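S.K.: Dropping in entry.tsv, with TSV, C-alpha atoms and all ligand atoms.
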```tsv
chain	number	residue	atom	x	y	z
U	1	MET	CA	-13.13	-19.16	10.49
U	2	LEU	CA	-11.14	-18.41	13.51
U	3	GLU	CA	-8.19	-16.05	13.54
U	4	LYS	CA	-4.99	-17.64	14.69
U	5	ASN	CA	-4.10	-14.47	16.56
U	6	ALA	CA	-1.46	-13.69	19.08
U	7	ALA	CA	-3.82	-14.30	22.00
U	8	ALA	CA	-4.59	-17.78	20.74
U	9	ARG	CA	-0.91	-18.56	20.31
U	10	GLN	CA	-0.23	-17.25	23.79
U	11	LYS	CA	-2.96	-19.49	25.17
U	12	LEU	CA	-1.50	-22.49	23.37
U	13	HIS	CA	1.89	-21.86	24.87
U	14	ALA	CA	0.41	-21.25	28.28
U	15	THR	CA	-1.42	-24.58	28.07
U	16	ARG	CA	1.72	-26.42	27.06
U	17	GLY	CA	3.76	-24.73	29.77
U	18	ALA	CA	1.26	-25.63	32.45
U	19	ARG	CA	1.19	-29.20	31.28
U	20	GLU	CA	4.92	-29.66	31.46
U	21	GLU	CA	5.05	-28.01	34.83
U	22	ARG	CA	2.30	-30.16	36.22
U	23	ARG	CA	3.85	-33.34	34.94
U	24	ALA	CA	7.19	-32.43	36.44
U	25	GLU	CA	5.49	-31.64	39.70
U	26	LEU	CA	3.66	-34.94	39.81
U	27	VAL	CA	6.70	-36.96	39.01
U	28	PHE	CA	9.43	-35.31	40.98
U	29	GLU	CA	8.35	-32.58	43.32
U	30	ARG	CA	5.19	-33.48	45.19
U	31	THR	CA	6.19	-34.81	48.55
U	32	ASP	CA	2.75	-34.21	50.04
U	33	LEU	CA	1.15	-37.12	48.18
U	34	PRO	CA	0.82	-40.49	49.87
U	35	ALA	CA	3.85	-42.62	49.06
U	36	GLU	CA	2.03	-44.92	46.68
U	37	ARG	CA	0.91	-42.00	44.52
U	38	ARG	CA	4.42	-40.76	43.95
U	39	LEU	CA	6.59	-42.18	41.27
U	40	ALA	CA	9.66	-42.12	43.48
U	41	HIS	CA	9.75	-45.88	43.66
U	42	VAL	CA	9.80	-46.22	39.90
U	43	GLN	CA	13.33	-47.08	38.90
U	44	THR	CA	13.99	-45.05	35.80
U	45	ARG	CA	16.06	-46.61	33.07
U	46	GLY	CA	17.68	-44.93	30.10
U	47	ARG	CA	15.62	-41.95	28.85
U	48	ALA	CA	12.67	-42.64	31.07
U	49	ALA	CA	13.30	-39.84	33.57
U	50	HIS	CA	13.80	-37.36	30.77
U	51	VAL	CA	10.79	-38.36	28.74
U	52	THR	CA	8.56	-38.21	31.77
U	53	LEU	CA	9.31	-34.52	31.99
U	54	PHE	CA	9.16	-33.43	28.39
U	55	CYS	CA	7.35	-36.05	26.40
U	56	ASP	CA	3.89	-36.30	24.95
U	57	GLY	CA	1.29	-38.98	25.74
U	58	ASP	CA	2.93	-41.67	23.66
U	59	GLU	CA	6.14	-41.42	25.62
U	60	ILE	CA	4.21	-41.64	28.87
U	61	THR	CA	2.90	-44.92	27.49
U	62	ASN	CA	6.51	-45.92	26.85
U	63	LEU	CA	7.25	-45.30	30.49
U	64	LEU	CA	4.43	-47.66	31.37
U	65	GLU	CA	5.93	-50.24	29.06
U	66	ALA	CA	9.31	-49.76	30.70
U	67	HIS	CA	7.90	-50.47	34.16
U	68	PRO	CA	4.98	-52.84	33.79
U	69	GLU	CA	5.54	-54.56	37.14
U	70	SER	CA	5.59	-51.39	39.21
U	71	ILE	CA	2.54	-50.03	37.43
U	72	ALA	CA	0.61	-53.25	37.86
U	73	GLN	CA	1.26	-53.14	41.60
U	74	ARG	CA	0.23	-49.51	41.84
U	75	PRO	CA	-3.04	-48.86	40.01
U	76	GLN	CA	-3.06	-45.35	41.47
U	77	ILE	CA	-0.04	-44.50	39.35
U	78	GLN	CA	-2.00	-45.37	36.23
U	79	THR	CA	-4.66	-42.93	37.41
U	80	VAL	CA	-2.09	-40.18	37.87
U	81	LEU	CA	-0.59	-40.85	34.44
U	82	ASP	CA	-4.03	-40.82	32.81
U	83	ALA	CA	-4.75	-37.51	34.48
U	84	VAL	CA	-1.63	-35.83	33.08
U	85	ALA	CA	-1.57	-37.44	29.62
U	86	PRO	CA	-1.47	-34.51	27.20
U	87	ARG	CA	-4.02	-35.94	24.78
U	88	ASP	CA	-6.56	-35.57	27.56
U	89	ASP	CA	-5.06	-32.33	28.76
U	90	ASP	CA	-5.53	-30.57	25.41
U	91	SER	CA	-8.76	-32.27	24.54
U	92	ARG	CA	-10.23	-31.55	27.96
U	93	MET	CA	-10.98	-28.06	26.58
U	94	VAL	CA	-13.14	-29.62	23.88
U	95	ALA	CA	-16.78	-30.60	24.35
U	96	ILE	CA	-17.77	-34.21	23.69
U	97	LEU	CA	-21.32	-34.28	22.37
U	98	ASN	CA	-23.82	-36.86	23.59
U	99	ALA	CA	-26.38	-38.59	21.36
U	100	ARG	CA	-29.04	-35.91	21.85
U	101	GLU	CA	-26.58	-33.12	21.15
U	102	ILE	CA	-25.36	-34.90	18.02
U	103	GLU	CA	-28.96	-35.15	16.82
U	104	ALA	CA	-29.37	-31.39	17.36
U	105	MET	CA	-26.10	-30.76	15.47
U	106	ARG	CA	-27.48	-32.79	12.55
U	107	ARG	CA	-30.58	-30.60	12.36
U	108	ALA	CA	-28.56	-27.36	12.56
U	109	GLY	CA	-26.12	-28.65	9.93
U	110	GLU	CA	-28.92	-29.72	7.65
U	111	ALA	CA	-30.50	-26.26	7.90
U	112	ALA	CA	-27.21	-24.49	7.09
U	113	ALA	CA	-26.63	-26.83	4.12
U	114	ALA	CA	-30.17	-26.25	2.82
U	115	THR	CA	-29.74	-22.48	2.99
U	116	LEU	CA	-26.38	-22.67	1.22
U	117	ALA	CA	-27.96	-24.81	-1.53
U	118	HIS	CA	-30.89	-22.38	-1.78
U	119	VAL	CA	-28.48	-19.48	-2.36
U	120	GLY	CA	-26.31	-21.49	-4.76
U	121	GLU	CA	-29.25	-22.18	-7.06
U	122	ARG	CA	-29.96	-18.45	-7.38
U	123	LEU	CA	-26.47	-17.11	-8.05
U	124	GLN	CA	-25.95	-15.67	-11.52
U	125	PRO	CA	-24.43	-12.57	-13.11
U	126	GLY	CA	-26.27	-9.45	-11.91
U	127	VAL	CA	-27.01	-10.72	-8.40
U	128	THR	CA	-25.60	-8.54	-5.61
U	129	THR	CA	-24.05	-9.87	-2.44
U	130	ALA	CA	-26.77	-7.95	-0.55
U	131	ASP	CA	-29.30	-10.16	-2.40
U	132	VAL	CA	-27.44	-13.17	-0.97
U	133	ASP	CA	-27.73	-11.70	2.52
U	134	ALA	CA	-31.49	-11.19	2.09
U	135	TRP	CA	-31.95	-14.76	0.84
U	136	VAL	CA	-30.00	-16.16	3.78
U	137	ARG	CA	-32.06	-14.19	6.30
U	138	ALA	CA	-35.37	-15.28	4.77
U	139	HIS	CA	-34.42	-18.92	4.23
U	140	THR	CA	-32.86	-19.34	7.68
U	141	ALA	CA	-35.97	-17.86	9.31
U	142	ALA	CA	-38.26	-20.12	7.24
U	143	LEU	CA	-36.38	-23.12	8.65
U	144	GLY	CA	-36.84	-21.83	12.21
U	145	GLY	CA	-33.16	-20.95	12.60
U	146	ILE	CA	-31.12	-17.84	13.35
U	147	PRO	CA	-28.10	-16.68	11.30
U	148	SER	CA	-25.24	-17.21	13.78
U	149	GLN	CA	-23.01	-14.62	12.15
U	150	LEU	CA	-25.44	-11.66	12.40
U	151	GLY	CA	-24.05	-9.41	15.13
U	152	TYR	CA	-21.27	-11.88	16.00
U	153	GLN	CA	-18.56	-9.65	17.46
U	154	GLY	CA	-20.37	-6.85	15.63
U	155	PHE	CA	-20.43	-8.53	12.19
U	156	PRO	CA	-23.08	-6.52	10.30
U	157	ALA	CA	-24.63	-9.22	8.09
U	158	ALA	CA	-26.22	-12.68	8.18
U	159	VAL	CA	-23.70	-14.30	5.83
U	160	CYS	CA	-20.13	-13.83	4.65
U	161	THR	CA	-19.73	-13.28	0.89
U	162	SER	CA	-16.10	-13.38	-0.23
U	163	ARG	CA	-15.50	-12.58	-3.91
U	164	ASN	CA	-12.37	-13.14	-6.04
U	165	ASP	CA	-9.35	-11.98	-3.98
U	166	VAL	CA	-11.38	-11.89	-0.75
U	167	VAL	CA	-10.33	-14.82	1.43
U	168	CYS	CA	-13.11	-14.71	4.05
U	169	HIS	CA	-15.39	-12.48	6.15
U	170	GLY	CA	-16.53	-10.42	3.16
U	171	ILE	CA	-19.51	-8.19	4.04
U	172	PRO	CA	-22.47	-8.32	1.61
U	173	ARG	CA	-23.11	-4.97	-0.14
U	174	PRO	CA	-25.82	-3.67	-2.46
U	175	ASP	CA	-23.13	-2.19	-4.73
U	176	GLU	CA	-21.23	-5.44	-5.15
U	177	THR	CA	-22.64	-7.15	-8.24
U	178	LEU	CA	-21.52	-10.61	-9.27
U	179	ALA	CA	-20.24	-10.69	-12.85
U	180	ASP	CA	-19.44	-13.38	-15.37
U	181	GLY	CA	-16.08	-14.97	-14.46
U	182	ASP	CA	-16.22	-14.06	-10.75
U	183	ILE	CA	-16.00	-16.54	-7.93
U	184	VAL	CA	-17.78	-16.01	-4.62
U	185	ASN	CA	-17.63	-17.95	-1.38
U	186	VAL	CA	-20.91	-17.98	0.53
U	187	ASP	CA	-20.45	-18.96	4.20
U	188	VAL	CA	-23.67	-19.86	6.01
U	189	THR	CA	-23.84	-20.55	9.74
U	190	THR	CA	-27.21	-21.41	11.26
U	191	MET	CA	-28.20	-21.80	14.89
U	192	LEU	CA	-31.11	-24.18	15.39
U	193	GLY	CA	-32.18	-25.82	18.64
U	194	GLY	CA	-29.23	-24.27	20.48
U	195	PHE	CA	-26.54	-25.72	18.18
U	196	HIS	CA	-24.70	-24.43	15.13
U	197	GLY	CA	-24.01	-25.72	11.62
U	198	ASP	CA	-21.31	-23.94	9.59
U	199	THR	CA	-20.72	-24.56	5.90
U	200	SER	CA	-19.47	-22.70	2.86
U	201	ALA	CA	-18.87	-23.22	-0.83
U	202	THR	CA	-17.20	-21.21	-3.57
U	203	PHE	CA	-19.39	-20.73	-6.62
U	204	VAL	CA	-18.25	-19.88	-10.14
U	205	ILE	CA	-20.40	-17.21	-11.77
U	206	GLY	CA	-20.93	-17.89	-15.46
U	207	GLU	CA	-17.78	-18.82	-17.36
U	208	ALA	CA	-14.48	-18.52	-15.53
U	209	SER	CA	-10.91	-19.12	-16.66
U	210	ARG	CA	-9.35	-22.58	-16.41
U	211	GLU	CA	-7.04	-21.28	-13.66
U	212	THR	CA	-9.98	-20.05	-11.59
U	213	ARG	CA	-11.95	-23.27	-12.04
U	214	ASP	CA	-8.88	-25.28	-11.02
U	215	LEU	CA	-8.41	-23.15	-7.90
U	216	VAL	CA	-12.01	-23.83	-6.86
U	217	ALA	CA	-11.63	-27.57	-7.50
U	218	ILE	CA	-8.38	-27.69	-5.50
U	219	ALA	CA	-9.95	-25.85	-2.56
U	220	ARG	CA	-12.70	-28.43	-2.37
U	221	ALA	CA	-10.22	-31.29	-2.73
U	222	CYS	CA	-8.19	-29.77	0.13
U	223	ARG	CA	-11.21	-29.69	2.42
U	224	ASP	CA	-12.12	-33.26	1.52
U	225	ALA	CA	-8.52	-34.43	2.06
U	226	GLY	CA	-8.68	-32.95	5.56
U	227	ILE	CA	-12.04	-34.57	6.29
U	228	ALA	CA	-10.76	-37.92	5.02
U	229	VAL	CA	-8.24	-38.28	7.86
U	230	VAL	CA	-10.63	-37.33	10.68
U	231	ARG	CA	-11.29	-40.22	13.07
U	232	GLU	CA	-10.91	-40.93	16.77
U	233	GLY	CA	-7.21	-40.97	17.62
U	234	ALA	CA	-6.12	-38.91	14.60
U	235	ARG	CA	-4.32	-35.69	15.44
U	236	LEU	CA	-5.04	-32.15	14.29
U	237	GLY	CA	-1.59	-32.16	12.65
U	238	ASP	CA	-2.74	-35.05	10.44
U	239	VAL	CA	-5.63	-32.93	9.20
U	240	GLY	CA	-3.42	-29.90	8.50
U	241	ALA	CA	-0.77	-32.02	6.78
U	242	ALA	CA	-3.32	-33.68	4.47
U	243	ILE	CA	-4.63	-30.27	3.40
U	244	GLU	CA	-1.19	-28.72	3.02
U	245	GLU	CA	0.12	-31.60	0.91
U	246	THR	CA	-2.89	-31.47	-1.40
U	247	ALA	CA	-2.41	-27.74	-1.93
U	248	ARG	CA	1.35	-28.00	-2.41
U	249	ALA	CA	0.98	-30.75	-5.02
U	250	ALA	CA	-1.33	-28.44	-6.96
U	251	GLY	CA	1.02	-25.44	-6.71
U	252	VAL	CA	-1.27	-23.24	-4.61
U	253	SER	CA	-0.99	-22.03	-1.02
U	254	VAL	CA	-2.92	-22.46	2.21
U	255	VAL	CA	-3.84	-19.46	4.38
U	256	ARG	CA	-2.17	-19.85	7.77
U	257	ASP	CA	-3.65	-16.92	9.69
U	258	TYR	CA	-7.16	-18.36	9.91
U	259	GLY	CA	-8.34	-21.89	10.59
U	260	GLY	CA	-11.30	-24.06	11.40
U	261	HIS	CA	-12.71	-24.37	14.90
U	262	GLY	CA	-14.65	-26.39	17.37
U	263	ILE	CA	-18.40	-25.85	17.06
U	264	GLY	CA	-21.49	-26.85	19.02
U	265	ARG	CA	-23.42	-24.65	21.44
U	266	SER	CA	-21.32	-21.74	20.10
U	267	MET	CA	-20.19	-21.07	16.55
U	268	HIS	CA	-16.53	-20.73	17.53
U	269	MET	CA	-15.17	-23.02	20.24
U	270	ASP	CA	-11.96	-24.87	21.06
U	271	PRO	CA	-9.96	-26.27	19.38
U	272	HIS	CA	-8.38	-24.08	16.73
U	273	VAL	CA	-8.07	-26.26	13.61
U	274	PRO	CA	-5.03	-25.25	11.50
U	275	HIS	CA	-5.11	-26.12	7.81
U	276	VAL	CA	-1.36	-26.74	7.79
U	277	GLY	CA	0.53	-29.06	10.08
U	278	THR	CA	2.79	-31.99	10.82
U	279	ARG	CA	1.57	-35.58	10.88
U	280	GLY	CA	1.57	-36.99	14.41
U	281	ALA	CA	1.52	-33.54	16.05
U	282	GLY	CA	-1.28	-31.65	17.74
U	283	MET	CA	-4.29	-32.62	19.78
U	284	ARG	CA	-5.85	-36.03	19.37
U	285	LEU	CA	-9.44	-36.09	18.14
U	286	ARG	CA	-11.98	-38.03	20.16
U	287	ALA	CA	-15.39	-39.39	19.15
U	288	GLY	CA	-18.10	-36.81	19.81
U	289	MET	CA	-15.96	-33.74	19.11
U	290	ALA	CA	-17.40	-31.37	16.51
U	291	ILE	CA	-15.06	-29.26	14.37
U	292	THR	CA	-15.09	-27.38	11.09
U	293	ILE	CA	-12.64	-27.95	8.26
U	294	GLU	CA	-12.53	-24.93	5.99
U	295	PRO	CA	-9.22	-24.36	4.21
U	296	MET	CA	-8.74	-21.05	2.39
U	297	ILE	CA	-6.65	-21.68	-0.71
U	298	ASN	CA	-4.85	-18.86	-2.56
U	299	ALA	CA	-3.71	-18.99	-6.18
U	300	GLY	CA	-0.67	-16.93	-5.16
U	301	GLY	CA	1.06	-16.61	-1.80
U	302	PRO	CA	-0.48	-17.44	1.59
U	303	GLY	CA	-0.33	-13.86	2.93
U	304	VAL	CA	-3.51	-11.96	3.79
U	305	ARG	CA	-4.48	-8.45	4.88
U	306	VAL	CA	-7.58	-7.11	6.64
U	307	LEU	CA	-9.30	-4.24	4.82
U	308	SER	CA	-10.24	-0.95	6.49
U	309	ASP	CA	-13.79	-2.16	7.29
U	310	GLY	CA	-12.12	-4.29	9.96
U	311	TRP	CA	-13.64	-7.53	8.63
U	312	THR	CA	-12.83	-8.28	5.01
U	313	VAL	CA	-9.75	-10.49	4.67
U	314	ALA	CA	-8.11	-10.34	1.22
U	315	THR	CA	-5.01	-11.93	-0.28
U	316	ALA	CA	-1.91	-9.76	0.20
U	317	ASP	CA	-0.86	-10.23	-3.44
U	318	GLY	CA	-4.29	-9.73	-5.04
U	319	SER	CA	-4.51	-13.34	-6.24
U	320	ARG	CA	-7.83	-15.17	-6.08
U	321	SER	CA	-8.84	-17.30	-3.10
U	322	ALA	CA	-11.34	-20.15	-2.76
U	323	GLN	CA	-12.76	-22.03	0.23
U	324	PHE	CA	-15.09	-24.87	1.15
U	325	GLU	CA	-16.29	-25.71	4.66
U	326	HIS	CA	-18.06	-28.54	6.41
U	327	THR	CA	-18.96	-29.18	10.04
U	328	VAL	CA	-17.99	-32.72	11.08
U	329	ILE	CA	-18.46	-34.85	14.19
U	330	VAL	CA	-15.62	-37.24	14.97
U	331	THR	CA	-16.59	-40.94	15.19
U	332	LYS	CA	-14.53	-44.02	16.04
U	333	GLY	CA	-13.91	-44.96	12.42
U	334	GLY	CA	-14.16	-41.56	10.69
U	335	CYS	CA	-16.58	-38.69	10.93
U	336	GLU	CA	-20.11	-37.64	10.21
U	337	ILE	CA	-20.54	-34.52	8.09
U	338	THR	CA	-23.51	-32.61	9.48
U	339	THR	CA	-23.62	-30.08	6.65
U	340	LEU	CA	-23.68	-32.40	3.65
U	341	GLY	CA	-27.32	-31.65	2.92
U	342	ALA	CA	-29.62	-33.26	0.38
U	343	THR	CA	-28.26	-31.23	-2.53
U	344	ALA	CA	-24.52	-30.88	-2.91
U	345	PRO	CA	-24.12	-27.07	-2.86
U	346	ASP	CA	-20.59	-27.21	-4.20
U	347	ARG	CA	-21.75	-28.13	-7.69
U	348	ALA	CA	-19.26	-25.61	-9.06
U	349	THR	CA	-16.69	-28.36	-9.44
U	350	THR	CA	-16.75	-31.84	-10.90
U	351	LEU	CA	-14.82	-33.58	-8.11
U	352	PRO	CA	-16.82	-36.13	-6.14
U	353	SER	CA	-18.02	-34.73	-2.85
U	354	CYS	CA	-16.77	-36.26	0.38
U	355	ARG	CA	-19.43	-38.52	1.87
U	356	ALA	CA	-20.09	-39.22	5.52
U	357	ARG	CA	-18.14	-42.16	6.91
U	358	PRO	CA	-19.94	-43.47	9.98
U	401	LIG	N1	-18.77	-18.84	9.37
U	401	LIG	C1	-17.48	-18.26	9.64
U	401	LIG	C2	-16.57	-19.42	9.95
U	401	LIG	O1	-16.48	-20.30	9.16
U	401	LIG	C3	-17.57	-17.29	10.77
U	401	LIG	C4	-17.42	-15.90	10.34
U	401	LIG	S1	-17.52	-14.89	11.70
U	401	LIG	C5	-18.24	-13.49	11.10
U	401	LIG	O2	-15.99	-19.57	10.99
U	401	LIG	F1	-18.43	-12.74	12.11
U	401	LIG	F2	-17.44	-12.95	10.20
U	401	LIG	F3	-19.38	-13.78	10.53
U	402	CO	CO	-16.31	-22.00	10.38
U	403	CO	CO	-18.22	-20.70	8.10
```
In structure tokens, what does this structure look like?
Ligand code: MF3
Ligand code: CO
Ligand code: CO
M.R.:
Amino acid sequence: MLEKNAAARQKLHATRGAREERRAELVFERTDLPAERRLAHVQTRGRAAHVTLFCDGDEITNLLEAHPESIAQRPQIQTVLDAVAPRDDDSRMVAILNAREIEAMRRAGEAAAATLAHVGERLQPGVTTADVDAWVRAHTAALGGIPSQLGYQGFPAAVCTSRNDVVCHGIPRPDETLADGDIVNVDVTTMLGGFHGDTSATFVIGEASRETRDLVAIARACRDAGIAVVREGARLGDVGAAIEETARAAGVSVVRDYGGHGIGRSMHMDPHVPHVGTRGAGMRLRAGMAITIEPMINAGGPGVRVLSDGWTVATADGSRSAQFEHTVIVTKGGCEITTLGATAPDRATTLPSCRARP
């Protein structure tokens, strides 16, 4: 998952600032454009002048509705408005995959899902997280893939193993033995054919308490609630809101400092995908975008801390944390999950798994 760090926030603000500036410039300040490409002739009514400066894409559309005659006579103006519409502005940072690239994403996703299932079948009390790392290396290689996480920004292992109060980015260790009642998230990312598939599941080892089993079930339900709203035209805020509401209804919290991410030719790409949000806010999704949805759900508060190894993220209050992740490709009517795999790896819970919706 991607850290929602200060640099990322800065970038977000910078993007928004530039957008507003550019729109203002196009509408009011550029005198060097040919007359028909300026909006000077557009007679603004009511809020129109204001919304042109500060609005989002929907309000730009409202401006078009307010002045249909002028727009119809000036097709160039439509072009200018299309060019500055924020849905395109934000989403311009995000790759749109073509049919061949989507096919490659399917193969990478299938490989990651198969490796996760392979590991899941072998987990039992007495297994160490270093065993998991060895299995991931061997299985990924047997499929012709490369573990994307090995060496990523110096990460020292092929897989993340996050046990009990560890939220994410846990480093496998030979002295970390899984015991009856533990939970462990195994996060597999595979590069195959130049593209990445990223998927994780939280497994219950032996018999766990009712509270722990519920937490795991809720985490999966949160991921699936997020996936369920993905479709062309939906906004990232819709995804975050669906996850946040599911968690809140269950009395657990969503980690805010890390989120999902765009994925494709790199493991981590634009956009950042928050697991909290406001319906109707955020970037619009477009068909062909690939993102991960991977909410981290804490039994206690949402706060996290990074341990002294510089990687392991744990809950601030010591409560347990669970997570499930899929890679999805946005389609017109929904999304395709590339990491569903033949065997559902998240067998730890009894909730129905989210299916692909072409
Ligand atoms: N697979 C993780 C994710 O879901 C990436 C972890 S980065 C690592 O985004 F370096 F810690 F491996
Ligand atoms: Co991810
Ligand atoms: Co992952």
S.K.: Just the residues within 7 Å of range 220-233 of chain U, please, counting all atoms listed in the file, with nothing from its chain fewer than 6 positions along; format it as number ranges by chain.
M.R.: U: 239-240, 242-243, 246-247, 284-287, 293-295, 323-325, 330-335, 354
S.K.: Identify the residues around (-9.6, -18.8, -15.7) within a radius of 12 Å, measuring from only C-alpha atoms in the coordinates stated by the file, and give them as a PyMOL selection string.
M.R.: chain U and resi 164+180-183+204-216+299+320
S.K.: Would you write out, as a tab-separated table, a table of all residues in chain U that have an atom no more than 6 Å from an atom of ligand LIG 401 (chain U), listing for each the closest atom pair and the distance in Å to one decimal, considering all atoms listed in the file and ordering rows by chain and rising residue number?
M.R.:
```
residue	atom	partner	partner_atom	distance
U:Met1	CA	U:LIG401	O2	2.9
U:Leu2	CA	U:LIG401	O2	5.6
U:Gln149	CA	U:LIG401	F3	4.1
U:Tyr152	CA	U:LIG401	F1	4.9
U:Phe155	CA	U:LIG401	F1	4.7
U:Cys160	CA	U:LIG401	F3	5.9
U:His169	CA	U:LIG401	F2	4.6
U:Asp187	CA	U:LIG401	N1	5.4
U:Thr189	CA	U:LIG401	N1	5.4
U:Asp198	CA	U:LIG401	N1	5.7
```
S.K.: Check which residues fall inside 12 Å of ligand CO 402 (chain U) when counting only C-alpha atoms and all ligand atoms, and print them as a PyMOL selection string.
M.R.: chain U and resi 1-3+109+112+148-149+159-160+168-169+186-190+196-201+258-264+266-274+290-296+323-328+339
S.K.: Between U:Thr140, U:Arg163, U:Ile146, U:Glu176, which residue has the minimum interatomic distance to Val127 in chain U, considering all atoms listed in the file?
M.R.: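 Smallest separation from Val127 in chain U among the options: U:Glu176.
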S.K.: Find the residue from U:Ala234, U:Val167, U:Val94, U:Val132 that sits nearest to ligand CO 403 (chain U); use all atoms listed in the file when measuring.
M.R.: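 Going through U:Ala234, U:Val167, U:Val94, U:Val132 one by one, the smallest distance to ligand CO 403 (chain U) is for U:Val167.
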S.K.: Record the distance separating CA of Glu244 in chain U and CA of Phe203 in chain U, expressed in Å with one decimal.
M.R.: 22.1 Å
S.K.: Around the point (-2.4, -40.2, 11.8), in the coordinates given by the file, pick out the residues reaching within 7 Å, counting all atoms listed in the file, and return them as an NGL selection string.
M.R.: :U and (234-235 or 238 or 279-280)
S.K.: For CA of Ala134 in chain U and CA of Leu192 in chain U, determine how far apart the two atoms are, in Å to one decimal place.
M.R.: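 Those two atoms sit 18.6 Å apart.
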S.K.: Between CA of Ala322 in chain U and CA of Gly251 in chain U, what is the distance, to one decimal in Å?
M.R.: 14.0 Å
S.K.: Could you give me the centre and size, in Å to one decimal, of an axis-aligned box around all listed atoms of range 116-135 of chain U with 8 Å added on every side, as AutoDock Vina command-line options?
M.R.:
```
--center_x -28.0 --center_y -16.4 --center_z -5.3 --size_x 23.9 --size_y 32.9 --size_z 31.6
```
S.K.: Counting all atoms listed in the file, which residue out of U:Ser162, U:His139, U:His118, U:Leu123 sits closest to ligand CO 403 (chain U)?
M.R.: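 For ligand CO 403 (chain U), the nearest of the candidates is U:Ser162.
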S.K.: Between U:Leu143, U:Leu116, U:Leu97, U:Val304, which residue has the minimum interatomic distance to ligand CO 403 (chain U), considering all atoms listed in the file?
M.R.: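 Of all the options, U:Leu116 lies closest to ligand CO 403 (chain U).
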S.K.: Which residue out of U:Ala113, U:Val306, U:Val166, U:Val276 has the minimum interatomic distance to ligand CO 403 (chain U) when all atoms listed in the file are used?
M.R.: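 Of all the options, U:Ala113 lies closest to ligand CO 403 (chain U).
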S.K.: Do a neighbour search on Asp309 in chain U at 12 Å with all atoms listed in the file, toss out local chain neighbours closer than 2 positions, and write the hits as an NGL selection string.
M.R.: :U and (154-156 or 169-171 or 305-307 or 311-314)
S.K.: Out of U:Gly310, U:Gly151, U:Pro174, U:Gly277, which residue has the shortest atom-to-atom distance to Thr129 in chain U when counting all atoms listed in the file?
M.R.: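 Residue with the minimum atom-to-atom distance to Thr129 in chain U: U:Pro174.
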